[in-house]
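Undergrad: Take a look at this one; I'll ask things after.
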Amino acid sequence: MKLKIILASALLALGAVAHAQPMVIKYSHVVADVTPKGQAALKFKELAEKKLAGKVEVQVFPNSQLFGDGKEMEALLLGDVQIIAPSLAKFGKYTKQLQIFDLPFLFDNIEAVDRFQATPAGQSLLASMEKKGITGLGYLHNGMKQLSANKQLNVPGDAAGLKFRIQSSDVLEAQFKAVGANPQKLAFAEVYQALQTGVVDGAENPWSNIYSKKFHEVQKYVMESDHGVLDYMVITNTGWWNGLPADIRAGLKSAMVESIAFGNKVAFDEAAGFRAKVIADKKAEILPMTKANLAAWRAAMKPVWAKFEGDIGKDLIDAAQAANQ
Ligand code: LMR
């Protein structure tokens with residue numbers, strides 16, 4: 001009897017300790033801490049742990065440390081990580097509609113992307129993967145992509161025959177095929193080495209990724225093409241999210257909204273700074289593109305739109321284009 005009581009009290013005490021432990025929330029991503037996404041993730045940790053003091057502990061894993069491309073989405077669905085923020089180019093397996101963000105020359109600038117994401121059509125895409133167990137918590141910016149290679153890419157013909165690293169997107173594959181290049185889908189963590197060893201000749205990246213991953217040190221030219229956007233959707237596991245106690249979910253949601261606003265401000269404020277750092281490093285030559293040359297790239301890549309219009313929906317493409325005004 002005495003033993004039973006001792007055991008029961010020990011179990012109760014253990015239970016109390018277990019109850020007092022904060023819930024661990026893992027936030028994994030593939031880029032460096034200094035980038036807009038890296039900054040947003042750290043801000044989320046700070047805010048969530050402040051708003052839900054003692055209740056949650058957020059662990060941030062940058063630079064593909066926990067999961068890289070290809071694994072992170074599966075890990076989210078398995079419950080091995082709770083928050084990730086993949087590029088909008090990496091959702092092809094789960095929804096075709098998000099392919100809209102990869103259409104070349106669709107958005108004039110990141111402000112237009114921001115306006116489109118805020119429309120009802122843009123917001124509805126956040127819920128487009130719920131049946132697959134993925135809930136979008138918000139969009140997060142990085143920036144417009146720049147083409148890079150070891151030769152100048154002034155006109156579309158300059159890319160013919162070159163191998164370009166792309167994210168896992170069929171639209172991006174079609175985009176490079178449209179100019180006679182050979183696209184290769186590679187995980188982000190492999191890009192530097194692939195460029196360095198000549199596995200690929202070129203790539204497309206926003207300034208913060210070029211600078212923080214030193215891609216400009218292994219490329220002779222970066223062309224200021226702004227030909228597409230690289231943005232993210234911050235996502236979570238629908239079952240996990242809906243099963244959270246209401247106070248925790250509300251605290252996390254509010255931390256997420258604020259952290260995204262913070263990350264977006266970094267994206268807007270610091271894109272020019274990352275570009276300036278790449279220029280200051282003097283490793284690659286940064287070349288502007290003339291209006292006429294950009295028009296030639298735009299014309300060469302435009303057929304890609306028609307190819308994906310059926311999957312994406314013409315209404316959505318029209319809504320995105322309307323955001324340019
Ligand atoms: C890439 O693979 O190039 C990007 O999606 C990486 C990132 O998360 O910005």
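Residues are named by chain letter and number: chains run A, B, ... in the order of the structure tokens, numbers start at 1 in each chain, and ligands are numbered from 1 in the order shown.
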Per DSSP on the backbone, filter region 27-115 of chain A down to the residues in helix (DSSP H, G or I) and report them as a PyMOL selection string.

TA: chain A and resi 36-51+72-78+88-90+97-102+110-115

Undergrad: Please produce a file of the residues just selected, as a short mmCIF file (atom, residue, chain, number, x, y, z; two decimals), in the first residue's frame, where the atoms kept are N, CA, C and O atoms.

TA:
data_model
loop_
_atom_site.label_atom_id
_atom_site.label_comp_id
_atom_site.auth_asym_id
_atom_site.auth_seq_id
_atom_site.Cartn_x
_atom_site.Cartn_y
_atom_site.Cartn_z
N PRO A 36 15.81 37.81 -45.37
CA PRO A 36 14.47 38.13 -44.84
C PRO A 36 13.82 36.94 -44.13
O PRO A 36 13.24 37.09 -43.06
N LYS A 37 13.95 35.73 -44.73
CA LYS A 37 13.33 34.56 -44.08
C LYS A 37 14.05 34.22 -42.78
O LYS A 37 13.41 33.90 -41.78
N GLY A 38 15.37 34.30 -42.80
CA GLY A 38 16.13 34.01 -41.58
C GLY A 38 15.75 34.97 -40.47
O GLY A 38 15.54 34.57 -39.31
N GLN A 39 15.61 36.25 -40.82
CA GLN A 39 15.25 37.27 -39.83
C GLN A 39 13.82 37.06 -39.31
O GLN A 39 13.55 37.24 -38.13
N ALA A 40 12.92 36.70 -40.23
CA ALA A 40 11.52 36.49 -39.83
C ALA A 40 11.42 35.32 -38.86
O ALA A 40 10.66 35.37 -37.88
N ALA A 41 12.18 34.26 -39.13
CA ALA A 41 12.11 33.07 -38.25
C ALA A 41 12.60 33.42 -36.85
O ALA A 41 11.99 33.02 -35.84
N LEU A 42 13.70 34.18 -36.78
CA LEU A 42 14.23 34.55 -35.45
C LEU A 42 13.27 35.49 -34.72
O LEU A 42 13.10 35.42 -33.51
N LYS A 43 12.64 36.37 -35.49
CA LYS A 43 11.66 37.29 -34.88
C LYS A 43 10.45 36.49 -34.35
O LYS A 43 9.91 36.79 -33.28
N PHE A 44 10.06 35.46 -35.10
CA PHE A 44 8.94 34.63 -34.65
C PHE A 44 9.28 33.98 -33.31
O PHE A 44 8.46 33.97 -32.38
N LYS A 45 10.49 33.47 -33.22
CA LYS A 45 10.92 32.84 -31.95
C LYS A 45 10.81 33.85 -30.81
O LYS A 45 10.22 33.58 -29.76
N GLU A 46 11.38 35.03 -31.05
CA GLU A 46 11.39 36.07 -30.00
C GLU A 46 9.96 36.41 -29.56
O GLU A 46 9.65 36.44 -28.36
N LEU A 47 9.09 36.65 -30.54
CA LEU A 47 7.73 37.09 -30.21
C LEU A 47 6.89 35.98 -29.60
O LEU A 47 6.15 36.21 -28.63
N ALA A 48 7.01 34.77 -30.16
CA ALA A 48 6.18 33.67 -29.64
C ALA A 48 6.58 33.36 -28.20
O ALA A 48 5.71 33.14 -27.34
N GLU A 49 7.88 33.37 -27.93
CA GLU A 49 8.32 33.04 -26.56
C GLU A 49 7.97 34.16 -25.58
O GLU A 49 7.88 33.93 -24.38
N LYS A 50 7.80 35.38 -26.11
CA LYS A 50 7.39 36.49 -25.25
C LYS A 50 5.89 36.45 -24.99
O LYS A 50 5.43 36.55 -23.84
N LYS A 51 5.13 36.24 -26.06
CA LYS A 51 3.67 36.23 -25.91
C LYS A 51 3.18 35.01 -25.14
O LYS A 51 2.16 35.04 -24.48
N GLU A 72 11.78 18.66 -46.24
CA GLU A 72 11.10 19.47 -45.23
C GLU A 72 9.57 19.36 -45.28
O GLU A 72 8.92 19.36 -44.26
N MET A 73 9.04 19.22 -46.49
CA MET A 73 7.58 19.13 -46.61
C MET A 73 7.07 17.80 -46.00
O MET A 73 6.09 17.79 -45.27
N GLU A 74 7.78 16.71 -46.31
CA GLU A 74 7.42 15.41 -45.74
C GLU A 74 7.53 15.45 -44.22
O GLU A 74 6.69 14.92 -43.51
N ALA A 75 8.61 16.08 -43.75
CA ALA A 75 8.85 16.16 -42.31
C ALA A 75 7.71 16.92 -41.62
O ALA A 75 7.28 16.56 -40.53
N LEU A 76 7.21 17.96 -42.29
CA LEU A 76 6.09 18.73 -41.73
C LEU A 76 4.85 17.85 -41.62
O LEU A 76 4.15 17.85 -40.61
N LEU A 77 4.60 17.09 -42.68
CA LEU A 77 3.41 16.23 -42.68
C LEU A 77 3.53 15.10 -41.66
O LEU A 77 2.54 14.64 -41.11
N LEU A 78 4.76 14.67 -41.38
CA LEU A 78 4.98 13.61 -40.40
C LEU A 78 5.02 14.14 -38.97
O LEU A 78 5.10 13.37 -38.01
N LEU A 88 7.70 29.58 -52.95
CA LEU A 88 6.44 29.27 -53.63
C LEU A 88 6.67 28.38 -54.85
O LEU A 88 5.72 27.83 -55.41
N ALA A 89 7.93 28.24 -55.25
CA ALA A 89 8.27 27.39 -56.39
C ALA A 89 8.30 25.91 -56.02
O ALA A 89 8.44 25.06 -56.89
N LYS A 90 8.16 25.60 -54.74
CA LYS A 90 8.40 24.22 -54.30
C LYS A 90 7.14 23.47 -53.89
O LYS A 90 7.21 22.45 -53.23
N GLN A 97 -1.84 25.70 -58.40
CA GLN A 97 -2.16 27.14 -58.48
C GLN A 97 -0.99 28.04 -58.08
O GLN A 97 -0.81 29.12 -58.65
N LEU A 98 -0.19 27.56 -57.14
CA LEU A 98 0.93 28.41 -56.68
C LEU A 98 2.00 28.57 -57.75
O LEU A 98 2.90 29.40 -57.62
N GLN A 99 1.87 27.78 -58.81
CA GLN A 99 2.82 27.93 -59.94
C GLN A 99 2.77 29.35 -60.51
O GLN A 99 3.69 29.78 -61.18
N ILE A 100 1.67 30.05 -60.22
CA ILE A 100 1.53 31.41 -60.74
C ILE A 100 2.75 32.27 -60.40
O ILE A 100 3.18 33.10 -61.20
N PHE A 101 3.30 32.06 -59.21
CA PHE A 101 4.38 32.95 -58.77
C PHE A 101 5.67 32.73 -59.57
O PHE A 101 6.57 33.56 -59.52
N ASP A 102 5.77 31.62 -60.29
CA ASP A 102 6.98 31.36 -61.08
C ASP A 102 6.88 31.87 -62.52
O ASP A 102 7.88 31.84 -63.24
N ILE A 110 8.39 43.72 -56.46
CA ILE A 110 7.93 43.03 -55.26
C ILE A 110 6.69 43.73 -54.65
O ILE A 110 5.86 43.09 -54.01
N GLU A 111 6.54 45.01 -54.93
CA GLU A 111 5.35 45.73 -54.45
C GLU A 111 4.09 45.14 -55.11
O GLU A 111 3.05 44.98 -54.47
N ALA A 112 4.21 44.81 -56.39
CA ALA A 112 3.07 44.22 -57.11
C ALA A 112 2.76 42.83 -56.55
O ALA A 112 1.59 42.45 -56.39
N VAL A 113 3.80 42.08 -56.23
CA VAL A 113 3.61 40.75 -55.63
C VAL A 113 2.84 40.91 -54.32
O VAL A 113 1.89 40.19 -54.03
N ASP A 114 3.26 41.89 -53.53
CA ASP A 114 2.64 42.17 -52.24
C ASP A 114 1.15 42.50 -52.43
O ASP A 114 0.30 41.98 -51.69
N ARG A 115 0.86 43.33 -53.43
CA ARG A 115 -0.54 43.72 -53.66
C ARG A 115 -1.37 42.49 -54.05
O ARG A 115 -2.48 42.30 -53.57
#

Undergrad: Using only C-alpha atoms, determine which residues lie at most 6 Å from Lys163 (chain A), disregarding the query and same-chain residues fewer than 4 positions distant; provide the list as a ChimeraX atom specification.

TA: /A:182-183,200-201

Undergrad: Could you please determine the separation between CA of Ile166 (chain A) and CA of Gln184 (chain A) in Å, to one decimal place?

TA: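 Distance reported for this atom pair: 5.7 Å.
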
Undergrad: Mind listing the residues within 7 Å of ligand 1, only C-alpha atoms and all ligand atoms counted, as a VMD selection string?

TA: chain A and resid 29 to 31 86 to 87 89 142 167 187 to 188 205 209 230

Undergrad: What's the 10 Å shell around Lys220 (chain A), counting only C-alpha atoms, without same-chain residues fewer than 4 positions away, as a list in words?

TA: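 My list of contacting residues is Ser148, Ala149, Asn150, Lys151, Gln152, Gly202, Phe215, His216, Lys282, Lys283, Ala284, Glu285 and Ile286 of chain A.
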
Undergrad: Just N, CA and C atoms for this one: save the residues we selected as a PDB file, in the first residue's frame.

TA:
ATOM      1  N   SER A 148      22.342  34.645 -63.283  1.00  0.00           N
ATOM      2  CA  SER A 148      23.804  34.689 -63.194  1.00  0.00           C
ATOM      3  C   SER A 148      24.396  33.551 -64.011  1.00  0.00           C
ATOM      4  N   ALA A 149      25.630  33.759 -64.471  1.00  0.00           N
ATOM      5  CA  ALA A 149      26.328  32.730 -65.261  1.00  0.00           C
ATOM      6  C   ALA A 149      27.785  33.143 -65.406  1.00  0.00           C
ATOM      7  N   ASN A 150      28.552  32.308 -66.074  1.00  0.00           N
ATOM      8  CA  ASN A 150      29.952  32.668 -66.315  1.00  0.00           C
ATOM      9  C   ASN A 150      30.134  33.369 -67.646  1.00  0.00           C
ATOM     10  N   LYS A 151      29.037  33.616 -68.338  1.00  0.00           N
ATOM     11  CA  LYS A 151      29.090  34.473 -69.522  1.00  0.00           C
ATOM     12  C   LYS A 151      27.964  35.488 -69.420  1.00  0.00           C
ATOM     13  N   GLN A 152      28.106  36.569 -70.130  1.00  0.00           N
ATOM     14  CA  GLN A 152      27.059  37.588 -70.091  1.00  0.00           C
ATOM     15  C   GLN A 152      25.781  37.042 -70.727  1.00  0.00           C
ATOM     16  N   GLY A 202      24.869  28.266 -64.537  1.00  0.00           N
ATOM     17  CA  GLY A 202      24.233  29.484 -64.051  1.00  0.00           C
ATOM     18  C   GLY A 202      23.079  29.182 -63.122  1.00  0.00           C
ATOM     19  N   PHE A 215      27.152  33.035 -53.927  1.00  0.00           N
ATOM     20  CA  PHE A 215      27.055  32.550 -55.313  1.00  0.00           C
ATOM     21  C   PHE A 215      27.840  33.455 -56.263  1.00  0.00           C
ATOM     22  N   HIS A 216      27.958  34.733 -55.905  1.00  0.00           N
ATOM     23  CA  HIS A 216      28.675  35.673 -56.785  1.00  0.00           C
ATOM     24  C   HIS A 216      30.173  35.371 -56.822  1.00  0.00           C
ATOM     25  N   LYS A 282      33.267  42.741 -55.522  1.00  0.00           N
ATOM     26  CA  LYS A 282      34.006  42.726 -56.795  1.00  0.00           C
ATOM     27  C   LYS A 282      34.382  41.314 -57.257  1.00  0.00           C
ATOM     28  N   LYS A 283      33.581  40.337 -56.917  1.00  0.00           N
ATOM     29  CA  LYS A 283      33.879  38.964 -57.362  1.00  0.00           C
ATOM     30  C   LYS A 283      33.217  38.717 -58.718  1.00  0.00           C
ATOM     31  N   ALA A 284      31.972  39.141 -58.833  1.00  0.00           N
ATOM     32  CA  ALA A 284      31.264  39.000 -60.113  1.00  0.00           C
ATOM     33  C   ALA A 284      30.979  40.392 -60.648  1.00  0.00           C
ATOM     34  N   GLU A 285      30.827  40.490 -61.960  1.00  0.00           N
ATOM     35  CA  GLU A 285      30.455  41.775 -62.550  1.00  0.00           C
ATOM     36  C   GLU A 285      28.917  41.852 -62.575  1.00  0.00           C
ATOM     37  N   ILE A 286      28.397  42.981 -62.112  1.00  0.00           N
ATOM     38  CA  ILE A 286      26.937  43.146 -62.087  1.00  0.00           C
ATOM     39  C   ILE A 286      26.558  43.979 -63.302  1.00  0.00           C
TER      40      ILE A 286
END

Undergrad: Of the candidates A:Gly70, A:Pro156, A:Pro22, A:Gly79, which one gets nearest to Arg298 (chain A) if we count only C-alpha atoms?

TA: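 Of A:Gly70, A:Pro156, A:Pro22, A:Gly79, the one nearest Arg298 (chain A) is A:Pro156, counting only C-alpha atoms.
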
Undergrad: Tell me which of A:Tyr94, A:Phe116, A:Tyr139, A:Phe107 sits closest to Phe262 (chain A), counting only C-alpha atoms.

TA: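 Among the listed residues, the smallest separation from Phe262 (chain A) belongs to A:Tyr139.
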
Undergrad: Determine, counting only C-alpha atoms, which protein, DNA and RNA residues have an atom within 8 Å of an atom of Val234 (chain A); residues of the same chain fewer than 4 positions away are not included. Present the result as an MDAnalysis selection string.

TA: chainID A and resid 83:86 136:140

Undergrad: Once you have the residues from the selection above, write them out as a PDB file, in the first residue's frame, restricted to C-alpha atoms.

TA:
ATOM      1  CA  ILE A  83       6.803  25.378 -39.252  1.00  0.00           C
ATOM      2  CA  ILE A  84       8.640  25.726 -42.562  1.00  0.00           C
ATOM      3  CA  ALA A  85       8.650  28.445 -45.204  1.00  0.00           C
ATOM      4  CA  PRO A  86       9.374  26.947 -48.618  1.00  0.00           C
ATOM      5  CA  GLY A 136      -0.624  28.556 -45.025  1.00  0.00           C
ATOM      6  CA  LEU A 137       0.026  31.041 -42.228  1.00  0.00           C
ATOM      7  CA  GLY A 138       1.093  33.868 -44.529  1.00  0.00           C
ATOM      8  CA  TYR A 139       3.278  34.997 -47.402  1.00  0.00           C
ATOM      9  CA  LEU A 140       6.809  36.169 -46.832  1.00  0.00           C
TER      10      LEU A 140
END

Undergrad: Looking at A:Met289, A:Ala160, A:Ala189, A:Leu244, which one is nearest to Tyr221 (chain A), with distances taken over only C-alpha atoms?

TA: A:Met289

Undergrad: Enumerate as a ChimeraX atom specification all residues of region 74-153 of chain A assigned to strand (DSSP E) by DSSP on the backbone, naming them with the chain letters and numbers the document uses.

TA: /A:83-84,134-144,146-149

Undergrad: May I have the residues from that selection written out with N, CA and C atoms, as a short mmCIF file (atom, residue, chain, number, x, y, z; two decimals), in the first residue's frame?

TA:
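The new file again-v7.cif reads:
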data_model
loop_
_atom_site.label_atom_id
_atom_site.label_comp_id
_atom_site.auth_asym_id
_atom_site.auth_seq_id
_atom_site.Cartn_x
_atom_site.Cartn_y
_atom_site.Cartn_z
N ILE A 83 6.93 24.21 -38.36
CA ILE A 83 6.80 25.38 -39.25
C ILE A 83 7.95 25.36 -40.25
N ILE A 84 7.61 25.54 -41.53
CA ILE A 84 8.64 25.73 -42.56
C ILE A 84 8.15 26.85 -43.48
N ILE A 134 -1.83 20.81 -45.20
CA ILE A 134 -0.91 21.95 -45.10
C ILE A 134 -1.71 23.25 -44.97
N THR A 135 -1.43 24.02 -43.94
CA THR A 135 -2.11 25.31 -43.75
C THR A 135 -1.11 26.44 -43.95
N GLY A 136 -1.48 27.39 -44.80
CA GLY A 136 -0.62 28.56 -45.03
C GLY A 136 -0.87 29.60 -43.95
N LEU A 137 0.18 30.03 -43.29
CA LEU A 137 0.03 31.04 -42.23
C LEU A 137 0.27 32.45 -42.76
N GLY A 138 0.86 32.55 -43.94
CA GLY A 138 1.09 33.87 -44.53
C GLY A 138 2.16 33.80 -45.59
N TYR A 139 2.22 34.87 -46.39
CA TYR A 139 3.28 35.00 -47.40
C TYR A 139 4.44 35.79 -46.82
N LEU A 140 5.61 35.46 -47.28
CA LEU A 140 6.81 36.17 -46.83
C LEU A 140 7.65 36.49 -48.07
N HIS A 141 8.15 37.71 -48.14
CA HIS A 141 8.94 38.09 -49.32
C HIS A 141 10.41 37.72 -49.19
N ASN A 142 11.01 37.45 -50.34
CA ASN A 142 12.47 37.55 -50.46
C ASN A 142 12.73 38.67 -51.46
N GLY A 143 12.57 38.37 -52.76
CA GLY A 143 12.80 39.46 -53.71
C GLY A 143 12.75 38.99 -55.14
N MET A 144 13.08 39.90 -56.04
CA MET A 144 13.09 39.58 -57.47
C MET A 144 14.39 38.83 -57.78
N GLN A 146 17.62 37.43 -60.03
CA GLN A 146 18.61 37.90 -61.02
C GLN A 146 19.25 36.67 -61.65
N LEU A 147 19.49 36.76 -62.94
CA LEU A 147 20.17 35.65 -63.64
C LEU A 147 21.66 35.77 -63.42
N SER A 148 22.34 34.64 -63.28
CA SER A 148 23.80 34.69 -63.19
C SER A 148 24.40 33.55 -64.01
N ALA A 149 25.63 33.76 -64.47
CA ALA A 149 26.33 32.73 -65.26
C ALA A 149 27.78 33.14 -65.41
#

Undergrad: Please report the interatomic distance between CA of Val81 (chain A) and CA of Lys26 (chain A) in Å with one decimal.

TA: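 Answer for the CA of Val81 (chain A) to CA of Lys26 (chain A) separation: 5.1 Å.
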
Undergrad: Which one is closest to Gln65 (chain A): A:Tyr27, A:Tyr192, A:Tyr232, A:Phe164? Count only C-alpha atoms.

TA: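 Closest to Gln65 (chain A) of all the choices is A:Tyr27.
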
Undergrad: Name the residues in contact with Thr238 (chain A) at a cut-off of 8 Å, using only C-alpha atoms, excluding same-chain residues fewer than 2 positions from it; report them as a short mmCIF file (atom, residue, chain, number, x, y, z; two decimals) with N, CA and C atoms, in the first residue's frame.

TA:
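Written out: selection-v5.cif:
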data_model
loop_
_atom_site.label_atom_id
_atom_site.label_comp_id
_atom_site.auth_asym_id
_atom_site.auth_seq_id
_atom_site.Cartn_x
_atom_site.Cartn_y
_atom_site.Cartn_z
N GLU A 130 -5.13 22.69 -47.73
CA GLU A 130 -5.62 22.18 -46.44
C GLU A 130 -6.03 20.71 -46.53
N GLY A 133 -3.31 18.59 -45.79
CA GLY A 133 -2.75 18.67 -44.44
C GLY A 133 -1.79 19.84 -44.25
N ILE A 134 -1.83 20.81 -45.20
CA ILE A 134 -0.91 21.95 -45.10
C ILE A 134 -1.71 23.25 -44.97
N THR A 135 -1.43 24.02 -43.94
CA THR A 135 -2.11 25.31 -43.75
C THR A 135 -1.11 26.44 -43.95
N THR A 236 2.24 25.33 -41.91
CA THR A 236 2.25 24.44 -40.76
C THR A 236 1.41 23.21 -41.08
N TRP A 240 -1.95 19.50 -36.66
CA TRP A 240 -1.25 20.00 -35.46
C TRP A 240 -1.78 21.38 -35.07
N TRP A 241 -1.90 22.24 -36.07
CA TRP A 241 -2.34 23.62 -35.83
C TRP A 241 -3.75 23.66 -35.25
N ASN A 242 -4.67 22.89 -35.87
CA ASN A 242 -6.06 22.91 -35.40
C ASN A 242 -6.22 22.26 -34.04
#

Undergrad: Rounded to one decimal in Å, what is the spacing between CA of Pro62 (chain A) and CA of Thr95 (chain A)?

TA: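 Interatomic distance here is 25.2 Å.
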
Undergrad: Considering only C-alpha atoms, can you say which of A:Arg275, A:Ala306, A:Lys131, A:Leu52 comes closest to Gly251 (chain A)?

TA: A:Leu52
